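**Student:** So here's final-v9.cif, just mmCIF, C-alpha atoms:
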data_run
loop_
_atom_site.label_atom_id
_atom_site.label_comp_id
_atom_site.auth_asym_id
_atom_site.auth_seq_id
_atom_site.Cartn_x
_atom_site.Cartn_y
_atom_site.Cartn_z
CA MET A 1 109.22 68.73 90.45
CA THR A 2 109.18 65.74 92.83
CA PHE A 3 109.87 68.10 95.71
CA ARG A 4 106.89 70.29 94.76
CA ILE A 5 104.57 67.26 94.57
CA LEU A 6 105.75 66.14 98.02
CA LEU A 7 105.02 69.62 99.37
CA VAL A 8 101.48 69.56 97.97
CA ILE A 9 100.79 66.09 99.38
CA SER A 10 102.17 66.92 102.80
CA GLY A 11 100.15 70.14 102.78
CA ILE A 12 96.93 68.22 102.25
CA PHE A 13 97.81 65.92 105.17
CA LEU A 14 98.55 68.91 107.37
CA ALA A 15 95.22 70.49 106.52
CA LEU A 16 93.39 67.24 107.19
CA GLY A 17 95.21 66.88 110.52
CA ALA A 18 94.16 70.35 111.61
CA SER A 19 90.61 69.64 110.51
CA GLY A 20 90.46 66.50 112.64
CA GLN A 21 91.76 68.24 115.70
CA LEU A 22 89.20 70.98 115.29
CA ARG A 23 86.42 68.61 116.22
CA LEU A 24 87.56 68.80 119.84
CA ARG A 25 85.96 71.70 121.69
CA ASP A 26 87.15 73.28 124.88
CA THR A 27 84.72 74.95 127.19
CA THR A 28 87.30 76.54 129.49
CA LYS A 29 86.54 80.21 129.99
CA THR A 30 89.28 82.74 129.39
CA THR A 31 89.02 85.88 131.46
CA HIS A 32 89.66 89.29 129.96
CA ARG A 33 92.52 89.81 132.40
CA ASN A 34 94.76 86.98 131.21
CA ARG A 35 93.65 87.02 127.58
CA PHE A 36 96.92 88.48 126.22
CA MET A 37 99.31 86.57 128.47
CA PRO A 38 101.69 84.45 126.33
CA THR A 39 100.50 80.85 126.30
CA GLY A 40 103.18 79.26 124.20
CA MET A 41 106.27 79.74 122.13
CA ARG A 42 107.36 77.89 119.02
CA VAL A 43 110.89 77.70 117.66
CA GLY A 44 111.82 75.91 114.50
CA VAL A 45 113.76 75.65 111.30
CA ASP A 46 112.81 75.91 107.65
CA ALA A 47 113.10 72.58 105.86
CA VAL A 48 113.01 74.22 102.41
CA SER A 49 116.25 76.14 103.12
CA ILE A 50 117.96 73.03 104.47
CA ILE A 51 116.96 70.95 101.44
CA LYS A 52 117.97 73.74 99.03
CA ASP A 53 121.31 74.03 100.83
CA ARG A 54 121.98 70.33 100.28
CA ARG A 55 120.43 69.89 96.83
CA GLN A 56 121.16 73.15 94.98
CA GLU A 57 124.77 73.82 94.09
CA ASN A 58 124.25 77.57 93.83
CA PHE A 59 122.54 78.08 97.22
CA SER A 60 123.75 77.92 100.78
CA GLY A 61 121.67 78.95 103.76
CA TRP A 62 119.32 78.19 106.59
CA GLU A 63 116.45 79.88 108.36
CA ALA A 64 115.19 79.75 111.95
CA SER A 65 111.77 80.90 113.08
CA ALA A 66 110.09 81.67 116.37
CA ASP A 67 106.68 82.88 117.47
CA VAL A 68 104.96 83.67 120.73
CA GLU A 69 101.21 83.15 121.18
CA THR A 70 99.32 85.96 122.79
CA HIS A 71 95.52 85.55 122.63
CA ARG A 72 94.70 84.99 118.94
CA TYR A 73 97.89 86.73 117.76
CA LEU A 74 101.37 85.35 117.11
CA VAL A 75 104.34 87.66 117.43
CA ALA A 76 106.67 86.11 114.89
CA ALA A 77 110.31 86.55 113.88
CA ASP A 78 112.65 84.80 111.47
CA TYR A 79 116.39 84.96 111.00
CA GLY A 80 118.30 83.43 108.14
CA LYS A 81 121.53 83.18 106.25
CA TRP A 82 121.60 83.09 102.44
CA GLY A 83 124.33 82.83 99.84
CA ARG A 84 124.17 82.39 96.08
CA ILE A 85 126.78 81.61 93.45
CA PHE A 86 126.05 81.79 89.73
CA SER A 87 128.77 81.18 87.22
CA THR A 88 129.04 80.94 83.45
CA ASP A 89 131.95 81.15 81.04
CA SER A 90 131.77 84.95 80.89
CA VAL A 91 130.23 86.07 84.17
CA SER A 92 130.39 85.05 87.79
CA TYR A 93 128.13 86.43 90.56
CA ARG A 94 128.05 85.68 94.26
CA ASN A 95 126.34 87.12 97.30
CA ASP A 96 126.31 86.28 100.97
CA GLY A 97 124.35 87.78 103.83
CA THR A 98 121.75 87.55 106.54
CA TYR A 99 118.16 88.67 106.89
CA TRP A 100 115.43 88.94 109.49
CA ARG A 101 111.70 89.41 109.47
CA ALA A 102 109.37 90.42 112.27
CA GLY A 103 105.63 90.82 112.42
CA VAL A 104 102.31 89.64 113.72
CA ASP A 105 99.97 86.87 112.57
CA ALA A 106 96.29 86.55 113.42
CA ASN A 107 95.07 83.01 114.15
CA PHE A 108 91.66 82.13 112.72
CA LEU A 109 91.32 78.77 114.51
CA THR A 110 90.08 80.44 117.67
CA HIS A 111 88.06 77.49 118.99
CA ASP A 112 90.78 74.86 118.73
CA PRO A 113 91.89 73.55 122.14
CA GLU A 114 95.21 72.34 120.69
CA ARG A 115 96.03 75.86 119.49
CA ASN A 116 96.56 74.77 115.90
CA VAL A 117 97.03 77.81 113.75
CA PHE A 118 95.69 79.01 110.43
CA PHE A 119 97.03 82.51 110.13
CA ILE A 120 97.22 85.61 108.01
CA GLY A 121 99.87 88.14 108.92
CA PHE A 122 102.30 90.87 108.03
CA ARG A 123 106.10 91.16 108.18
CA TYR A 124 108.74 93.84 107.99
CA ALA A 125 112.01 92.41 106.65
CA ARG A 126 115.60 93.58 106.32
CA ALA A 127 118.74 92.09 104.78
CA ARG A 128 122.45 92.83 105.00
CA TYR A 129 124.76 91.36 102.43
CA ASP A 130 127.90 91.56 100.30
CA GLU A 131 127.97 90.76 96.60
CA SER A 132 130.47 90.65 93.79
CA MET A 133 130.49 90.07 90.04
CA SER A 134 133.28 89.54 87.55
CA MET A 135 132.63 89.48 83.84
CA THR A 136 134.07 89.65 80.37
CA VAL A 137 131.82 91.26 77.78
CA GLU A 138 132.32 91.65 74.06
CA ASP A 139 130.14 94.15 72.23
CA PRO A 140 130.27 94.14 68.41
CA LEU A 141 130.54 97.94 68.36
CA TRP A 142 132.18 99.01 71.62
CA GLY A 143 134.71 96.22 71.96
CA PHE A 144 135.87 93.97 74.79
CA VAL A 145 135.95 94.73 78.51
CA GLU A 146 136.86 92.78 81.61
CA ARG A 147 135.40 94.11 84.87
CA GLU A 148 135.03 93.27 88.53
CA TYR A 149 132.42 94.80 90.81
CA VAL A 150 132.12 94.54 94.59
CA ASN A 151 129.27 95.86 96.74
CA SER A 152 130.02 95.58 100.45
CA ASP A 153 127.73 96.04 103.43
CA MET A 154 124.59 96.47 101.36
CA SER A 155 121.15 96.67 102.94
CA ALA A 156 117.58 96.27 101.74
CA ARG A 157 114.10 96.19 103.21
CA TRP A 158 110.73 94.86 102.09
CA PHE A 159 107.32 93.87 103.41
CA GLU A 160 105.45 90.57 103.36
CA LEU A 161 101.88 89.38 103.61
CA THR A 162 101.90 85.89 105.05
CA THR A 163 99.52 83.02 105.43
CA GLY A 164 99.97 79.48 106.60
CA LEU A 165 99.23 76.60 108.90
CA LYS A 166 100.92 75.36 112.06
CA VAL A 167 99.71 72.01 113.27
CA LYS A 168 100.54 69.93 116.32
CA VAL A 169 101.87 66.55 115.22
CA TRP A 170 103.00 64.86 118.41
CA LYS A 171 103.52 66.22 121.93
CA LEU A 172 105.79 69.23 121.44
CA ILE A 173 106.45 68.60 117.74
CA TRP A 174 104.72 70.86 115.22
CA LEU A 175 104.79 71.20 111.43
CA GLY A 176 103.73 74.18 109.40
CA TYR A 177 103.71 76.17 106.21
CA THR A 178 104.23 79.81 105.58
CA ALA A 179 103.51 81.29 102.16
CA ARG A 180 104.86 84.80 101.72
CA PHE A 181 103.89 87.52 99.30
CA LYS A 182 106.89 89.86 99.26
CA PHE A 183 106.52 93.44 98.07
CA GLY A 184 107.80 97.00 98.54
CA LEU A 185 111.48 96.16 98.03
CA LYS A 186 113.86 99.06 98.57
CA ASP A 187 117.53 98.39 98.00
CA GLN A 188 120.60 100.52 97.36
CA GLU A 189 120.79 101.42 93.68
CA GLU A 190 123.48 104.09 93.65
CA PHE A 191 126.46 101.83 92.92
CA GLU A 192 128.12 100.68 89.69
CA MET A 193 126.58 97.24 90.13
CA LEU A 194 122.87 96.71 90.78
CA SER A 195 121.95 93.87 93.10
CA HIS A 196 120.73 90.69 91.45
CA ASP A 197 119.65 88.72 94.48
CA ILE A 198 118.89 89.82 98.04
CA PRO A 199 119.08 87.35 100.93
CA GLY A 200 115.57 86.52 102.11
CA TYR A 201 113.92 88.27 99.17
CA GLY A 202 115.33 86.81 95.97
CA ASN A 203 115.62 88.28 92.49
CA THR A 204 115.52 92.08 92.56
CA ASN A 205 114.06 92.32 89.06
CA LYS A 206 110.72 91.17 90.45
CA GLU A 207 108.67 93.88 92.14
CA THR A 208 106.71 91.20 93.97
CA TYR A 209 107.89 87.75 94.87
CA TRP A 210 106.51 84.59 96.44
CA GLY A 211 108.32 82.74 99.19
CA PHE A 212 107.56 79.50 100.90
CA ASN A 213 108.69 77.88 104.14
CA TYR A 214 108.00 74.42 105.46
CA LEU A 215 108.61 74.60 109.20
CA LEU A 216 109.65 71.94 111.68
CA MET A 217 109.00 73.33 115.16
CA ILE A 218 108.75 72.58 118.82
CA ARG A 219 106.17 74.35 120.99
CA ILE A 220 107.13 75.31 124.52
CA PRO A 221 104.01 75.88 126.63
CA LEU A 222 104.14 79.06 128.69
CA GLY A 223 100.70 78.61 130.21
CA PRO A 224 97.64 76.38 130.06
CA THR A 225 96.84 75.26 126.52
CA ARG A 226 93.18 75.77 125.67
CA ALA A 227 91.02 77.31 123.01
CA ILE A 228 91.46 81.05 122.43
CA LEU A 229 87.72 81.62 122.51
CA PRO A 230 85.12 79.46 124.25
CA ALA A 231 83.34 76.84 122.16
CA LYS A 232 80.28 77.99 120.25
CA LYS A 233 77.02 76.93 121.90
CA MET B 1 88.40 73.62 107.00
CA LYS B 2 87.28 72.77 103.47
CA ARG B 3 87.81 76.38 102.44
CA GLU B 4 91.28 76.39 104.02
CA ARG B 5 92.26 73.25 102.15
CA TRP B 6 91.31 74.92 98.86
CA LEU B 7 93.24 78.00 99.86
CA PHE B 8 96.35 75.95 100.49
CA GLY B 9 96.03 74.10 97.23
CA LEU B 10 95.79 77.44 95.45
CA LEU B 11 98.82 78.82 97.28
CA MET B 12 100.88 75.81 96.28
CA LEU B 13 99.94 76.27 92.62
CA VAL B 14 100.75 79.98 92.70
CA SER B 15 104.11 79.46 94.36
CA SER B 16 105.02 76.79 91.79
CA SER B 17 104.10 79.11 88.92
CA CYS B 18 106.45 81.89 90.03
CA LEU B 19 109.67 80.12 89.14
CA ASP B 20 110.00 81.68 85.72
CA GLU B 21 113.18 82.79 83.99
CA PRO B 22 113.66 86.10 82.19
CA GLU B 23 113.94 86.35 78.42
CA CYS B 24 117.46 87.06 77.22
CA TYR B 25 116.46 89.64 74.64
CA ALA B 26 117.34 93.35 74.48
CA LEU B 27 118.69 93.35 78.02
CA ASN B 28 120.71 96.57 77.72
CA ASN B 29 118.72 99.81 77.49
CA ASN B 30 121.53 101.58 75.65
CA ILE B 31 119.57 103.07 72.77
CA VAL B 32 119.05 106.82 72.56
CA GLY B 33 116.42 108.23 70.19
CA VAL B 34 117.32 111.48 68.41
CA SER B 35 114.78 113.39 66.33
CA PHE B 36 115.11 116.50 64.21
CA LYS B 37 112.73 119.44 64.53
CA LYS B 38 112.26 122.80 62.89
CA VAL B 39 113.05 125.74 65.16
CA ALA B 40 110.24 127.79 63.64
CA ASP B 41 107.24 125.53 64.26
CA ASN B 42 108.60 122.58 66.28
CA LYS B 43 107.54 120.18 63.52
CA THR B 44 109.48 117.13 62.38
CA PHE B 45 112.27 117.93 59.97
CA VAL B 46 113.73 115.47 57.46
CA ILE B 47 117.48 115.61 56.95
CA ASP B 48 118.24 114.63 53.36
CA SER B 49 121.91 113.73 53.65
CA LEU B 50 122.82 112.39 57.06
CA SER B 51 125.80 110.35 58.21
CA ILE B 52 126.63 109.58 61.87
CA VAL B 53 129.93 108.33 63.28
CA ALA B 54 130.51 106.87 66.75
CA ASP B 55 133.63 108.84 67.69
CA GLN B 56 135.11 106.48 70.29
CA VAL B 57 135.44 103.64 67.77
CA GLY B 58 135.34 105.56 64.46
CA VAL B 59 132.51 103.45 63.12
CA GLU B 60 129.95 104.93 60.75
CA LEU B 61 126.51 104.06 62.13
CA ILE B 62 124.41 105.79 59.46
CA SER B 63 125.68 106.51 55.99
CA ASN B 64 124.27 109.24 53.75
CA SER B 65 120.65 108.60 54.56
CA SER B 66 117.47 110.61 54.70
CA ALA B 67 115.95 110.63 58.19
CA SER B 68 113.83 112.64 60.63
CA ALA B 69 114.81 110.49 63.63
CA VAL B 70 117.59 108.03 64.43
CA LEU B 71 118.31 105.44 67.11
CA LEU B 72 121.90 105.45 68.33
CA PRO B 73 123.72 102.96 70.59
CA LEU B 74 125.31 104.36 73.77
CA ASN B 75 128.65 103.04 74.96
CA TYR B 76 127.63 101.30 78.19
CA PHE B 77 131.26 100.64 79.14
CA THR B 78 131.81 104.36 79.75
CA ASP B 79 129.83 107.28 81.18
CA SER B 80 129.60 109.28 77.93
CA THR B 81 129.25 108.67 74.20
CA SER B 82 130.28 111.02 71.43
CA PHE B 83 128.70 111.16 67.96
CA THR B 84 129.53 113.27 64.94
CA PHE B 85 126.63 114.05 62.64
CA PHE B 86 127.52 114.91 59.04
CA ILE B 87 124.63 116.88 57.59
CA SER B 88 125.27 117.71 53.95
CA ASP B 89 128.94 116.99 54.76
CA VAL B 90 129.06 119.60 57.55
CA PRO B 91 130.14 118.00 60.86
CA TYR B 92 128.23 118.60 64.12
CA GLN B 93 129.27 116.91 67.32
CA ILE B 94 127.19 115.91 70.32
CA VAL B 95 128.43 114.25 73.51
CA VAL B 96 125.83 112.61 75.71
CA GLY B 97 126.51 111.56 79.29
CA HIS B 98 124.83 108.67 81.08
CA THR B 99 125.07 106.50 84.16
CA SER B 100 125.78 102.86 83.42
CA GLN B 101 125.18 100.12 86.01
CA ALA B 102 125.96 96.44 85.52
CA GLN B 103 123.67 93.73 86.82
CA PHE B 104 123.72 89.96 86.75
CA VAL B 105 120.49 88.67 85.15
CA SER B 106 120.68 84.87 85.11
CA VAL B 107 122.92 81.98 84.18
CA ASP B 108 121.22 81.81 80.76
CA CYS B 109 121.26 85.54 80.04
CA GLY B 110 124.49 86.62 81.73
CA GLU B 111 124.76 90.30 82.62
CA ARG B 112 123.07 93.47 81.47
CA PHE B 113 123.77 97.18 81.66
CA VAL B 114 121.12 99.55 82.96
CA LEU B 115 121.56 103.09 81.67
CA SER B 116 119.95 106.16 83.19
CA ASN B 117 120.49 109.86 83.86
CA LEU B 118 120.97 110.74 80.20
CA HIS B 119 122.17 114.31 79.66
CA VAL B 120 123.77 116.38 76.93
CA VAL B 121 127.38 117.17 77.89
CA SER B 122 128.20 119.31 74.85
CA HIS B 123 127.07 119.91 71.29
CA SER B 124 127.73 122.10 68.26
CA PHE B 125 124.15 122.33 66.98
CA ASP B 126 122.10 125.52 67.30
CA SER B 127 119.70 124.05 69.84
CA VAL B 128 119.26 120.68 71.53
CA ARG B 129 116.58 119.59 74.01
CA LEU B 130 116.56 116.54 76.27
CA VAL B 131 113.01 115.18 76.46
CA ASN B 132 113.59 111.88 78.28
CA ALA B 133 116.60 110.98 80.44
CA LYS B 134 115.99 107.23 80.32
CA PRO B 135 117.50 105.46 77.29
CA GLY B 136 115.49 102.59 75.89
CA VAL B 137 115.80 99.30 74.08
CA ALA B 138 115.96 99.13 70.29
CA ASN B 139 112.49 97.69 69.68
CA ALA B 140 110.83 100.33 71.87
CA SER B 141 112.00 103.29 69.71
CA PRO B 142 112.81 105.66 72.57
CA ARG B 143 112.58 109.43 72.08
CA ASN B 144 115.24 111.17 74.15
CA ILE B 145 116.84 114.11 72.35
CA GLU B 146 115.45 116.68 69.94
CA ILE B 147 117.82 118.58 67.68
CA PHE B 148 116.39 121.84 66.34
CA TRP B 149 117.34 122.82 62.84
#
Would you mind giving the structure from this file in structure tokens?

**Tutor:**
Amino acid sequence: MTFRILLVISGIFLALGASGQLRLRDTTKTTHRNRFMPTGMRVGVDAVSIIKDRRQENFSGWEASADVETHRYLVAADYGKWGRIFSTDSVSYRNDGTYWRAGVDANFLTHDPERNVFFIGFRYARARYDESMSMTVEDPLWGFVEREYVNSDMSARWFELTTGLKVKVWKLIWLGYTARFKFGLKDQEEFEMLSHDIPGYGNTNKETYWGFNYLLMIRIPLGPTRAILPAKK
Amino acid sequence: MKRERWLFGLLMLVSSSCLDEPECYALNNNIVGVSFKKVADNKTFVIDSLSIVADQVGVELISNSSASAVLLPLNYFTDSTSFTFFISDVPYQIVVGHTSQAQFVSVDCGERFVLSNLHVVSHSFDSVRLVNAKPGVANASPRNIEIFW
């Protein structure tokens, strides 16, 4: 709960920061010819994964992100590692795997000379993972069984609608959010055990899922930093 | 920017509200619904003296009852379940096949078994029809097999 409150508070500060920087206007003209030349690249890590890795006993993982600015669009990609362990007296489940996402975001802060970003975008995502479950079950009619299941080299894909903020904090240091609406999950369902949790997606029993990243990034300039579109007259 | 701040506040609320846990009730869909019909007019038929035994464990599930439809539990540890119906003391056997897949649900609920691909392997009735290949949960009263009498 405390973590969620901190996220909300820091989000408000991020939004206020972006708002303040928007007051600056750049009048530099961008020619049609160089409009889609990459102007910057951001690489970063997801703080939510790192905190979950340290605080949650049943989760291990990390996620790295990168994007390249081209005009008002960001070509974005993420790569992560994700493992879960759930255990009770009668059942034990674990999975371990990697995932990636790739897609494009559109930046709506087109007049900001600092290139702060408020974006809406789309991702295609894939995961590869192994999972196993061991259990003892007692049914009042059918009796007692002890079973072990292993699914190796599993794969899954899904899509995401994304939105978020990326804000310059100091020199090359940036902070940002990404909220993800995950949908269209397709996983392998032909085996004796159905997947419970897919790296990068989450619980398979949900047809849609929300995800959230809090990003710590550095921006590497690849060209002059100025507003995407000229300032309004 | 004011609009964007509201949008972010809303997103935070939505993401916080999605951390729900499933209910641990009727997790296994291992119930098959069997109904009795008249061959002549396809109307519901009431069996006056009906007993049903689960063959694999020798347990009597229904004892000398009057019924036009019954709900029977499938053995989710195997890929088929055999029942013997005693209708006016005359035995009739039906073996139904199914695919059973295990899945971890949550720490609170444990595991569940998802059954699908229901089919009639063999039977000694005059006529049997599969109307729905997906078994259900007990409180949903599934209708899967019709036995014509």

**Student:** Using the chain letters and numbers from the file, which residues does the PyMOL selection byres ((chain A and resi 180) around 9) grab, as a list of chain:residue names?

**Tutor:**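 Checked against the file, the PyMOL selection byres ((chain A and resi 180) around 9) matches A:Glu160, A:Leu161, A:Thr162, A:Thr163, A:Gly164, A:Thr178, A:Ala179, A:Phe181, A:Lys182, A:Tyr209, A:Trp210, A:Gly211, A:Phe212, A:Asn213.
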
**Student:** For Asp126 of chain B, which residue out of B:Ile94, B:Ile147, B:Ile87, B:Val46 is the nearest one, using all atoms listed in the file?

**Tutor:**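 Of all the options, B:Ile147 lies closest to Asp126 of chain B.
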
**Student:** Just want the 12 Å neighbourhood of Ser90 of chain A, counted on only C-alpha atoms, with same-chain residues fewer than 3 positions away dropped. Output as a PyMOL selection string.

**Tutor:** (chain A and resi 86-87+93+133-138+144-148) or (chain B and resi 104+106-111)

**Student:** Between atom CA of Glu146 of chain B and atom CA of Val96 of chain B, what distance in Å does the model show, to one decimal?

**Tutor:**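 Result for atom CA of Glu146 of chain B versus atom CA of Val96 of chain B: 12.6 Å, one decimal.
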
**Student:** Please return as a short mmCIF file (atom, residue, chain, number, x, y, z; two decimals) with C-alpha atoms, in the frame of the given file every residue within 12 Å of (109.7, 120.0, 66.5), taking into account all atoms listed in the file and the file's own coordinates.

**Tutor:**
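Now in part_28.cif:
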data_model
loop_
_atom_site.label_atom_id
_atom_site.label_comp_id
_atom_site.auth_asym_id
_atom_site.auth_seq_id
_atom_site.Cartn_x
_atom_site.Cartn_y
_atom_site.Cartn_z
CA VAL B 34 117.32 111.48 68.41
CA SER B 35 114.78 113.39 66.33
CA PHE B 36 115.11 116.50 64.21
CA LYS B 37 112.73 119.44 64.53
CA LYS B 38 112.26 122.80 62.89
CA VAL B 39 113.05 125.74 65.16
CA ALA B 40 110.24 127.79 63.64
CA ASP B 41 107.24 125.53 64.26
CA ASN B 42 108.60 122.58 66.28
CA LYS B 43 107.54 120.18 63.52
CA THR B 44 109.48 117.13 62.38
CA PHE B 45 112.27 117.93 59.97
CA VAL B 46 113.73 115.47 57.46
CA SER B 68 113.83 112.64 60.63
CA ALA B 69 114.81 110.49 63.63
CA SER B 127 119.70 124.05 69.84
CA VAL B 128 119.26 120.68 71.53
CA ARG B 129 116.58 119.59 74.01
CA VAL B 131 113.01 115.18 76.46
CA ILE B 145 116.84 114.11 72.35
CA GLU B 146 115.45 116.68 69.94
CA ILE B 147 117.82 118.58 67.68
CA PHE B 148 116.39 121.84 66.34
CA TRP B 149 117.34 122.82 62.84
#

**Student:** Measuring atom to atom with all atoms listed in the file, identify which of A:Gln56, A:Ser195, A:Ser152, A:Thr39 is nearest to chain B.

**Tutor:**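 Closest candidate: A:Ser195.
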
**Student:** Just say which residues the PyMOL selection byres ((chain B and resi 72) around 6) picks in this file, as JSON, numbers by chain.

**Tutor:** {"B": [31, 32, 71, 73]}

**Student:** Looking at all atoms listed in the file, which of A:Asp130, A:Asp187, A:Asp89, A:Asp105 is the one that sits closest to chain B?

**Tutor:**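 Looking at the shortest contact to chain B, the residue is A:Asp89.
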
**Student:** Using atom CA of Thr99 of chain B and atom CA of Ser51 of chain B as the two end points, give the distance in Å to one decimal.

**Tutor:**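 Between these atoms lies a distance of 26.2 Å.
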
**Student:** Grab segment 197-216 of chain A from that structure and dump N, CA and C atoms to a file, as a PDB file, in the first residue's frame.

**Tutor:**
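The file below, result.pdb, is the result:
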ATOM      1  N   ASP A 197       1.138 -18.500 -15.037  1.00  0.00           N
ATOM      2  CA  ASP A 197       1.739 -17.175 -15.049  1.00  0.00           C
ATOM      3  C   ASP A 197       2.740 -17.123 -16.213  1.00  0.00           C
ATOM      4  N   ILE A 198       2.662 -16.061 -17.001  1.00  0.00           N
ATOM      5  CA  ILE A 198       3.554 -15.933 -18.147  1.00  0.00           C
ATOM      6  C   ILE A 198       4.468 -14.729 -17.941  1.00  0.00           C
ATOM      7  N   PRO A 199       5.784 -14.925 -18.049  1.00  0.00           N
ATOM      8  CA  PRO A 199       6.703 -13.797 -17.842  1.00  0.00           C
ATOM      9  C   PRO A 199       6.345 -12.601 -18.722  1.00  0.00           C
ATOM     10  N   GLY A 200       6.223 -11.445 -18.089  1.00  0.00           N
ATOM     11  CA  GLY A 200       5.887 -10.223 -18.809  1.00  0.00           C
ATOM     12  C   GLY A 200       4.404  -9.968 -18.922  1.00  0.00           C
ATOM     13  N   TYR A 201       3.609 -11.018 -18.811  1.00  0.00           N
ATOM     14  CA  TYR A 201       2.146 -10.851 -18.905  1.00  0.00           C
ATOM     15  C   TYR A 201       1.494 -10.954 -17.531  1.00  0.00           C
ATOM     16  N   GLY A 202       1.703 -12.084 -16.864  1.00  0.00           N
ATOM     17  CA  GLY A 202       1.084 -12.293 -15.561  1.00  0.00           C
ATOM     18  C   GLY A 202       0.125 -13.476 -15.608  1.00  0.00           C
ATOM     19  N   ASN A 203      -0.919 -13.382 -14.812  1.00  0.00           N
ATOM     20  CA  ASN A 203      -1.861 -14.482 -14.628  1.00  0.00           C
ATOM     21  C   ASN A 203      -2.649 -14.766 -15.909  1.00  0.00           C
ATOM     22  N   THR A 204      -2.585 -16.009 -16.358  1.00  0.00           N
ATOM     23  CA  THR A 204      -3.229 -16.358 -17.636  1.00  0.00           C
ATOM     24  C   THR A 204      -4.744 -16.428 -17.539  1.00  0.00           C
ATOM     25  N   ASN A 205      -5.288 -16.481 -16.323  1.00  0.00           N
ATOM     26  CA  ASN A 205      -6.739 -16.550 -16.197  1.00  0.00           C
ATOM     27  C   ASN A 205      -7.414 -15.215 -16.484  1.00  0.00           C
ATOM     28  N   LYS A 206      -6.620 -14.177 -16.658  1.00  0.00           N
ATOM     29  CA  LYS A 206      -7.188 -12.864 -16.988  1.00  0.00           C
ATOM     30  C   LYS A 206      -7.006 -12.609 -18.477  1.00  0.00           C
ATOM     31  N   GLU A 207      -8.128 -12.340 -19.154  1.00  0.00           N
ATOM     32  CA  GLU A 207      -8.059 -12.090 -20.596  1.00  0.00           C
ATOM     33  C   GLU A 207      -7.402 -10.742 -20.887  1.00  0.00           C
ATOM     34  N   THR A 208      -7.555  -9.814 -19.975  1.00  0.00           N
ATOM     35  CA  THR A 208      -6.843  -8.537 -20.088  1.00  0.00           C
ATOM     36  C   THR A 208      -6.145  -8.284 -18.759  1.00  0.00           C
ATOM     37  N   TYR A 209      -5.086  -7.524 -18.826  1.00  0.00           N
ATOM     38  CA  TYR A 209      -4.278  -7.349 -17.622  1.00  0.00           C
ATOM     39  C   TYR A 209      -3.648  -5.963 -17.662  1.00  0.00           C
ATOM     40  N   TRP A 210      -3.457  -5.367 -16.524  1.00  0.00           N
ATOM     41  CA  TRP A 210      -2.762  -4.092 -16.443  1.00  0.00           C
ATOM     42  C   TRP A 210      -1.327  -4.316 -15.983  1.00  0.00           C
ATOM     43  N   GLY A 211      -0.417  -3.561 -16.564  1.00  0.00           N
ATOM     44  CA  GLY A 211       0.965  -3.591 -16.113  1.00  0.00           C
ATOM     45  C   GLY A 211       1.448  -2.170 -15.891  1.00  0.00           C
ATOM     46  N   PHE A 212       2.483  -2.046 -15.120  1.00  0.00           N
ATOM     47  CA  PHE A 212       2.968  -0.716 -14.782  1.00  0.00           C
ATOM     48  C   PHE A 212       4.482  -0.738 -14.622  1.00  0.00           C
ATOM     49  N   ASN A 213       5.149   0.217 -15.248  1.00  0.00           N
ATOM     50  CA  ASN A 213       6.598   0.355 -15.093  1.00  0.00           C
ATOM     51  C   ASN A 213       6.923   1.768 -14.642  1.00  0.00           C
ATOM     52  N   TYR A 214       7.890   1.866 -13.771  1.00  0.00           N
ATOM     53  CA  TYR A 214       8.425   3.154 -13.351  1.00  0.00           C
ATOM     54  C   TYR A 214       9.882   3.143 -13.814  1.00  0.00           C
ATOM     55  N   LEU A 215      10.201   3.988 -14.781  1.00  0.00           N
ATOM     56  CA  LEU A 215      11.481   3.868 -15.480  1.00  0.00           C
ATOM     57  C   LEU A 215      12.510   4.900 -15.021  1.00  0.00           C
ATOM     58  N   LEU A 216      13.712   4.421 -14.809  1.00  0.00           N
ATOM     59  CA  LEU A 216      14.864   5.291 -14.569  1.00  0.00           C
ATOM     60  C   LEU A 216      15.737   5.198 -15.819  1.00  0.00           C
TER      61      LEU A 216
END
